[in-house]
Amino acid sequence: MSISDLAHAPEVLAHAPDGSVSFDGADLARLAADHGTPTWVISASQLRHNYTVLHAALSARLSRPVIAYSMKANNNRAVVQTMAGLGAAMDCSSEHELALAVSAGVPAGKVIINGNGKSRAYLTAAIRTGVWQINVDSIAEVGRIRAIARELGVTVPCAVRLKLSYTTLLERDPSYERTLRVAEGKFGSSTRSGDAEAVVKAVLAAEELEFVGVTHHAGFPGIRADYTAERQLMHQTLCAQEIVEFARLLRRATGVTVPRINLGGGLRSGRSVYLSTPGNGTDGEFRALPRPEEYAEAIAAGLVQADWDPIVQFETGGFQVGNAVLLLARVQDVKDVTRPRERRYVTLDCAMTMFTGRGLNRVGFPVIAVGQRPDAPVHPLPVELVGPTCAYDSVAEDILLPDVREGGLVALLNHGAYCEVLSTQFNGFPRPAVVYVDDGVVRPARRRETLADIWERESAGLDLWPAGGTA
Ligand SMILES: Cc1ncc(COP(=O)(O)O)c(C=O)c1O
């Protein structure tokens, strides 16, 4: 299975007949020479394109959509600033992300605070900042927010995070139970048990709090072998439908109309996603992703019973940034083996441990051999791209690539979401640099980590034993 098919590449990538590859107008060979490898390359134009397309699709179907960029997907300040410049709201999940949003110039009135078990420090910072809304995860959190609000003498806008009953959804697709168990079980308060209604009532009753809405997130289900766009859209519609049913029930019980409905994220950018079982790349294949218009249609269908005009919030991370970043890496070694299978192992100077998402789930990445003509013949052996660490370090499995050589460059596409943010220093490999490209202009965005950075955090050491001694 080839995952070097340009039909799946982002709009800003161009592979010229002479083999040169550019990303948002920057030549990748030049960029590697100037900035070294491995390097994450962010495209500002692709970020803008993704936001604009999604915003247009949602605005065509909904009267008051708001897109919040979910910073957890990629927390480079350059990305956050670009999204802020486009007018996006921000979805933060930690004290650091909140500080980053503020430092990137995001107005407090556009910040949404997420997370379960939020620390006192995080809640206090959010309340002091005067954020747009805190998504409340539990009844106990209501008490914690009230106490801080009282101390600071302010009123805090709160939305209540829902764990839906998913009754209709599970009837239509019993396998959704696995998604719930793996990804969503720990969040929010249950509508089925009455907990969610109790949290809403507690917020309504508290003079320090203002009830502003309900919130739910159905995650990207690309971890599933049976992923299809149709199935994902059906899940989104049925979740939205159940949220509206709950809001109508609340109105009957409390007389309050829910001002904001937050539908979370779960989308991915690009035309398709490459799925394979880690450790068995031979089952890999491209699956189409929902187009923004199809997503907007599915959401509108789910909201059809809302006989009022709520603000509809989205917290999309993967869609905004997924295909707007590539990882540029250099080939360190090429080794052809015959056992246990005929394979070519190509070791890169980046490792799966620098973007742990690949090892954790099924989503793979299209790969381009930089400097090789687009029509270059593929090498007869299936290629495993691997990293130099001693982990299960598969970067891409069972792919078709031209005859790459030591010192050559490869571009791993669609590396924007949940990659760099999950990178580790496993085996003591420093983390890559990040550069930001805007229509051919390249700027450093995050410096490459050094060996000195890794040393820096060690505090215990030579004083553990007397000089020359051992335990
Ligand atoms: C509450 C919440 N909102 C938004 C997101 C962003 O999701 P995505 O990047 O799939 O759009 C997540 C992801 O985990 C989330 O938990």
# chains A, B, ... in the order shown; residues from 1 in each chain; ligands from 1
$ select_by_dssp --residues "segment 168-250 of chain A" --states "alpha helix (DSSP H)" --output "PyMOL selection string"
chain A and resi 168-172+176-179+195-205+229-250
$ residues_near_ligand --ligand "ligand 1" --cutoff "9 Å" --atoms "only C-alpha atoms and all ligand atoms" --output "MDAnalysis selection string"
chainID A and resid 68:73 91:93 114:115 135 161 183:184 187 215:221 262:268 314:322 417:418
$ write_last_selection --atoms "C-alpha atoms" --output "mmCIF file, in the first residue's frame"
data_model
loop_
_atom_site.group_PDB
_atom_site.id
_atom_site.type_symbol
_atom_site.label_atom_id
_atom_site.label_comp_id
_atom_site.auth_asym_id
_atom_site.auth_seq_id
_atom_site.Cartn_x
_atom_site.Cartn_y
_atom_site.Cartn_z
ATOM 1 C CA ALA A 68 -12.892 27.724 19.000
ATOM 2 C CA TYR A 69 -9.444 26.386 18.158
ATOM 3 C CA SER A 70 -8.686 23.453 20.439
ATOM 4 C CA MET A 71 -5.135 24.237 21.502
ATOM 5 C CA LYS A 72 -4.416 20.714 22.710
ATOM 6 C CA ALA A 73 -3.995 19.584 19.084
ATOM 7 C CA ASP A 91 -10.475 26.031 23.751
ATOM 8 C CA CYS A 92 -7.938 25.677 26.602
ATOM 9 C CA SER A 93 -7.282 22.613 28.729
ATOM 10 C CA ASN A 114 -12.150 22.701 29.454
ATOM 11 C CA GLY A 115 -10.934 19.725 31.434
ATOM 12 C CA ASN A 135 -17.159 23.988 30.894
ATOM 13 C CA ARG A 161 -20.515 19.171 30.184
ATOM 14 C CA ALA A 183 -12.395 8.035 24.832
ATOM 15 C CA GLU A 184 -15.301 9.696 26.555
ATOM 16 C CA PHE A 187 -15.944 13.341 31.145
ATOM 17 C CA THR A 215 -21.324 21.104 26.087
ATOM 18 C CA HIS A 216 -20.362 17.709 24.648
ATOM 19 C CA HIS A 217 -17.492 16.364 22.560
ATOM 20 C CA ALA A 218 -17.634 13.329 20.272
ATOM 21 C CA GLY A 219 -13.982 12.511 19.504
ATOM 22 C CA PHE A 220 -12.501 11.643 16.128
ATOM 23 C CA PRO A 221 -13.226 7.921 15.745
ATOM 24 C CA ASN A 262 -21.086 23.418 22.403
ATOM 25 C CA LEU A 263 -20.520 20.416 20.122
ATOM 26 C CA GLY A 264 -16.770 19.942 20.664
ATOM 27 C CA GLY A 265 -14.524 18.841 17.808
ATOM 28 C CA GLY A 266 -13.685 15.503 16.222
ATOM 29 C CA LEU A 267 -13.083 16.521 12.610
ATOM 30 C CA ARG A 268 -9.887 16.034 10.606
ATOM 31 C CA PHE A 314 -17.264 24.099 17.986
ATOM 32 C CA GLU A 315 -13.933 23.160 19.536
ATOM 33 C CA THR A 316 -11.993 21.855 16.577
ATOM 34 C CA GLY A 317 -8.286 21.099 16.842
ATOM 35 C CA GLY A 318 -7.468 18.292 14.422
ATOM 36 C CA PHE A 319 -9.344 19.926 11.556
ATOM 37 C CA GLN A 320 -7.590 23.278 11.877
ATOM 38 C CA VAL A 321 -4.079 22.023 12.116
ATOM 39 C CA GLY A 322 -3.975 18.375 10.945
ATOM 40 C CA ALA A 417 -2.625 17.300 15.212
ATOM 41 C CA TYR A 418 -1.656 15.470 18.386
#
$ atom_distance --atom1 "atom CA of Leu47 of chain A" --atom2 "atom CA of Pro259 of chain A"
29.3 Å
$ residues_around --residues "Pro310 of chain A" --least-positions-apart "4" --cutoff "8 Å" --atoms "only C-alpha atoms" --output "list in words"
Arg64, Val258, Pro259, Arg260 and Ile261 of chain A
$ closest_residue --among "A:Val66, A:Leu422, A:Ala411, A:Leu169" --to "Val325 of chain A" --atoms "only C-alpha atoms"
A:Ala411
$ residues_around --residues "segment 451-460 of chain A" --least-positions-apart "5" --cutoff "10 Å" --atoms "only C-alpha atoms" --output "list of chain:residue names"
A:Gln425, A:Gly428, A:Phe429, A:Pro430, A:Arg431
$ closest_residue --among "A:Asn76, A:Ser20, A:Thr124, A:Ser272" --to "Arg447 of chain A" --atoms "only C-alpha atoms"
A:Asn76
$ residues_around --residues "Ala140 of chain A" --least-positions-apart "3" --cutoff "12 Å" --atoms "only C-alpha atoms" --output "ChimeraX atom specification"
/A:116-118,136-137,143-147,188-189,195,198-199,202-203
$ write_last_selection --atoms "all heavy atoms" --output "CSV table (one decimal), in the first residue's frame"
chain,number,residue,atom,x,y,z
A,116,ASN,N,-11.4,17.9,33.0
A,116,ASN,CA,-11.9,17.3,34.2
A,116,ASN,C,-10.9,17.4,35.3
A,116,ASN,O,-9.7,17.5,35.0
A,116,ASN,CB,-12.3,15.9,34.0
A,116,ASN,CG,-11.1,15.0,33.6
A,116,ASN,OD1,-10.4,15.4,32.7
A,116,ASN,ND2,-11.0,13.9,34.3
A,117,GLY,N,-11.3,17.6,36.5
A,117,GLY,CA,-10.4,17.7,37.7
A,117,GLY,C,-9.5,18.9,37.5
A,117,GLY,O,-8.3,18.8,37.7
A,118,LYS,N,-10.1,20.0,37.1
A,118,LYS,CA,-9.3,21.3,36.9
A,118,LYS,C,-8.6,21.7,38.2
A,118,LYS,O,-9.3,21.7,39.2
A,118,LYS,CB,-10.1,22.4,36.4
A,118,LYS,CG,-10.9,22.1,35.0
A,118,LYS,CD,-11.8,23.3,34.7
A,118,LYS,CE,-12.8,23.0,33.6
A,118,LYS,NZ,-13.9,22.0,34.0
A,136,VAL,N,-18.1,23.1,32.9
A,136,VAL,CA,-18.1,22.4,34.2
A,136,VAL,C,-18.2,20.9,34.1
A,136,VAL,O,-19.1,20.4,33.5
A,136,VAL,CB,-19.2,23.0,35.1
A,136,VAL,CG1,-19.2,22.3,36.5
A,136,VAL,CG2,-19.1,24.5,35.3
A,137,ASP,N,-17.3,20.2,34.7
A,137,ASP,CA,-17.2,18.7,34.5
A,137,ASP,C,-18.0,17.9,35.5
A,137,ASP,O,-18.4,16.8,35.2
A,137,ASP,CB,-15.8,18.3,34.5
A,137,ASP,CG,-15.6,16.9,33.9
A,137,ASP,OD1,-15.9,16.7,32.7
A,137,ASP,OD2,-15.4,15.9,34.7
A,143,GLY,N,-18.9,23.6,43.2
A,143,GLY,CA,-18.6,24.2,44.5
A,143,GLY,C,-17.2,24.9,44.5
A,143,GLY,O,-17.0,25.9,45.1
A,144,ARG,N,-16.3,24.2,43.8
A,144,ARG,CA,-14.9,24.8,43.7
A,144,ARG,C,-15.0,26.2,43.0
A,144,ARG,O,-14.3,27.2,43.4
A,144,ARG,CB,-13.9,23.9,43.0
A,144,ARG,CG,-13.7,22.6,43.9
A,144,ARG,CD,-12.5,21.8,43.4
A,144,ARG,NE,-12.8,21.0,42.2
A,144,ARG,CZ,-13.2,19.8,42.2
A,144,ARG,NH1,-13.4,19.2,43.4
A,144,ARG,NH2,-13.5,19.1,41.1
A,145,ILE,N,-15.7,26.2,41.9
A,145,ILE,CA,-15.8,27.5,41.1
A,145,ILE,C,-16.5,28.6,42.0
A,145,ILE,O,-16.1,29.7,42.0
A,145,ILE,CB,-16.5,27.3,39.8
A,145,ILE,CG1,-15.8,26.3,38.9
A,145,ILE,CG2,-16.7,28.6,39.0
A,145,ILE,CD1,-16.5,25.9,37.6
A,146,ARG,N,-17.5,28.2,42.7
A,146,ARG,CA,-18.3,29.2,43.5
A,146,ARG,C,-17.3,29.8,44.5
A,146,ARG,O,-17.4,31.0,44.7
A,146,ARG,CB,-19.4,28.4,44.2
A,146,ARG,CG,-20.6,28.1,43.3
A,146,ARG,CD,-21.8,27.7,44.2
A,146,ARG,NE,-22.3,28.7,45.0
A,146,ARG,CZ,-23.3,28.6,45.8
A,146,ARG,NH1,-23.9,27.4,45.9
A,146,ARG,NH2,-23.8,29.6,46.5
A,147,ALA,N,-16.6,28.9,45.2
A,147,ALA,CA,-15.7,29.4,46.2
A,147,ALA,C,-14.7,30.5,45.7
A,147,ALA,O,-14.5,31.5,46.3
A,147,ALA,CB,-14.9,28.2,46.9
A,188,GLY,N,-17.7,14.7,32.1
A,188,GLY,CA,-19.1,15.3,32.2
A,188,GLY,C,-20.0,14.6,33.2
A,188,GLY,O,-19.6,13.7,33.9
A,189,SER,N,-21.2,15.0,33.1
A,189,SER,CA,-22.2,14.5,34.1
A,189,SER,C,-23.4,13.8,33.2
A,189,SER,O,-23.8,14.4,32.2
A,189,SER,CB,-22.8,15.6,34.9
A,189,SER,OG,-21.8,16.3,35.6
A,195,ASP,N,-27.7,13.4,36.9
A,195,ASP,CA,-26.6,14.2,37.4
A,195,ASP,C,-26.5,15.5,36.6
A,195,ASP,O,-26.2,16.6,37.2
A,195,ASP,CB,-25.3,13.4,37.3
A,195,ASP,CG,-25.2,12.3,38.3
A,195,ASP,OD1,-26.1,12.2,39.1
A,195,ASP,OD2,-24.2,11.5,38.2
A,198,ALA,N,-28.9,18.0,37.6
A,198,ALA,CA,-28.6,18.5,39.0
A,198,ALA,C,-27.5,19.5,38.9
A,198,ALA,O,-27.5,20.5,39.6
A,198,ALA,CB,-28.2,17.3,39.9
A,199,VAL,N,-26.5,19.3,38.0
A,199,VAL,CA,-25.4,20.3,37.9
A,199,VAL,C,-26.0,21.6,37.3
A,199,VAL,O,-25.7,22.7,37.8
A,199,VAL,CB,-24.3,19.7,37.0
A,199,VAL,CG1,-23.2,20.8,36.8
A,199,VAL,CG2,-23.7,18.5,37.6
A,202,ALA,N,-27.7,23.4,40.0
A,202,ALA,CA,-26.8,23.9,41.0
A,202,ALA,C,-26.2,25.2,40.5
A,202,ALA,O,-26.0,26.2,41.2
A,202,ALA,CB,-25.7,22.9,41.3
A,203,VAL,N,-25.9,25.3,39.2
A,203,VAL,CA,-25.4,26.5,38.6
A,203,VAL,C,-26.4,27.6,38.6
A,203,VAL,O,-26.1,28.7,39.0
A,203,VAL,CB,-24.9,26.2,37.1
A,203,VAL,CG1,-24.5,27.5,36.4
A,203,VAL,CG2,-23.7,25.2,37.1
$ closest_atom_pairs --of "segment 278-371 of chain A" --to "segment 243-247 of chain A" --cutoff "12 Å" --atoms "only C-alpha atoms" --output "CSV"
residue,atom,partner,partner_atom,distance
A:Ile299,CA,A:Val244,CA,11.3
A:Ala300,CA,A:Val244,CA,11.4
A:Ala301,CA,A:Val244,CA,11.2
A:Gly302,CA,A:Val244,CA,7.9
A:Leu303,CA,A:Val244,CA,6.4
A:Val304,CA,A:Val244,CA,8.6
A:Gln305,CA,A:Val244,CA,6.7
A:Ala306,CA,A:Val244,CA,6.0
A:Asp307,CA,A:Val244,CA,9.4
A:Trp308,CA,A:Val244,CA,10.3
A:Asp309,CA,A:Val244,CA,11.5
A:Pro310,CA,A:Val244,CA,10.3
A:Val312,CA,A:Val244,CA,11.4
$ write_last_selection --atoms "N, CA, C and O atoms" --output "tab-separated table (two decimals), in the first residue's frame"
chain	number	residue	atom	x	y	z
A	299	ILE	N	-24.64	18.38	11.38
A	299	ILE	CA	-24.91	19.11	12.62
A	299	ILE	C	-26.27	19.81	12.52
A	299	ILE	O	-27.08	19.75	13.45
A	300	ALA	N	-26.52	20.43	11.38
A	300	ALA	CA	-27.81	21.12	11.21
A	300	ALA	C	-28.96	20.11	11.35
A	300	ALA	O	-29.99	20.42	11.97
A	301	ALA	N	-28.77	18.92	10.82
A	301	ALA	CA	-29.82	17.89	10.93
A	301	ALA	C	-30.05	17.55	12.40
A	301	ALA	O	-31.18	17.34	12.85
A	302	GLY	N	-28.98	17.49	13.17
A	302	GLY	CA	-29.09	17.15	14.59
A	302	GLY	C	-29.75	18.25	15.40
A	302	GLY	O	-30.36	18.00	16.44
A	303	LEU	N	-29.62	19.50	14.92
A	303	LEU	CA	-30.14	20.64	15.69
A	303	LEU	C	-31.55	21.07	15.24
A	303	LEU	O	-32.07	22.07	15.72
A	304	VAL	N	-32.13	20.29	14.33
A	304	VAL	CA	-33.36	20.75	13.68
A	304	VAL	C	-34.49	21.00	14.68
A	304	VAL	O	-35.33	21.87	14.47
A	305	GLN	N	-34.49	20.25	15.79
A	305	GLN	CA	-35.57	20.41	16.79
A	305	GLN	C	-35.34	21.59	17.74
A	305	GLN	O	-36.14	21.81	18.65
A	306	ALA	N	-34.23	22.30	17.57
A	306	ALA	CA	-33.98	23.46	18.45
A	306	ALA	C	-34.85	24.61	17.96
A	306	ALA	O	-34.54	25.24	16.94
A	307	ASP	N	-35.94	24.91	18.70
A	307	ASP	CA	-36.88	25.94	18.24
A	307	ASP	C	-36.52	27.30	18.84
A	307	ASP	O	-37.36	28.13	19.09
A	308	TRP	N	-35.25	27.48	19.15
A	308	TRP	CA	-34.71	28.79	19.55
A	308	TRP	C	-33.40	28.95	18.80
A	308	TRP	O	-33.05	28.07	18.00
A	309	ASP	N	-32.68	30.03	19.02
A	309	ASP	CA	-31.50	30.32	18.20
A	309	ASP	C	-30.23	30.35	19.05
A	309	ASP	O	-29.71	31.43	19.34
A	310	PRO	N	-29.73	29.18	19.43
A	310	PRO	CA	-28.55	29.18	20.31
A	310	PRO	C	-27.29	29.57	19.56
A	310	PRO	O	-27.20	29.41	18.33
A	312	VAL	N	-23.93	28.26	18.54
A	312	VAL	CA	-23.42	26.88	18.45
A	312	VAL	C	-21.90	26.94	18.39
A	312	VAL	O	-21.33	27.49	17.45
$ atom_distance --atom1 "atom CA of Glu294 of chain A" --atom2 "atom CA of Asn323 of chain A"
18.6 Å
$ atom_distance --atom1 "atom CA of His15 of chain A" --atom2 "atom CA of Ala369 of chain A"
9.8 Å
$ residues_around --residues "Ala126 of chain A" --least-positions-apart "4" --cutoff "12 Å" --atoms "only C-alpha atoms" --output "MDAnalysis selection string"
chainID A and resid 91:99 101:102 108:114 118:122 130:135 145 148:149 152 154 156:158
$ closest_residue --among "A:Arg330, A:Asp336, A:Glu297, A:His35" --to "Gln236 of chain A" --atoms "only C-alpha atoms"
A:Glu297
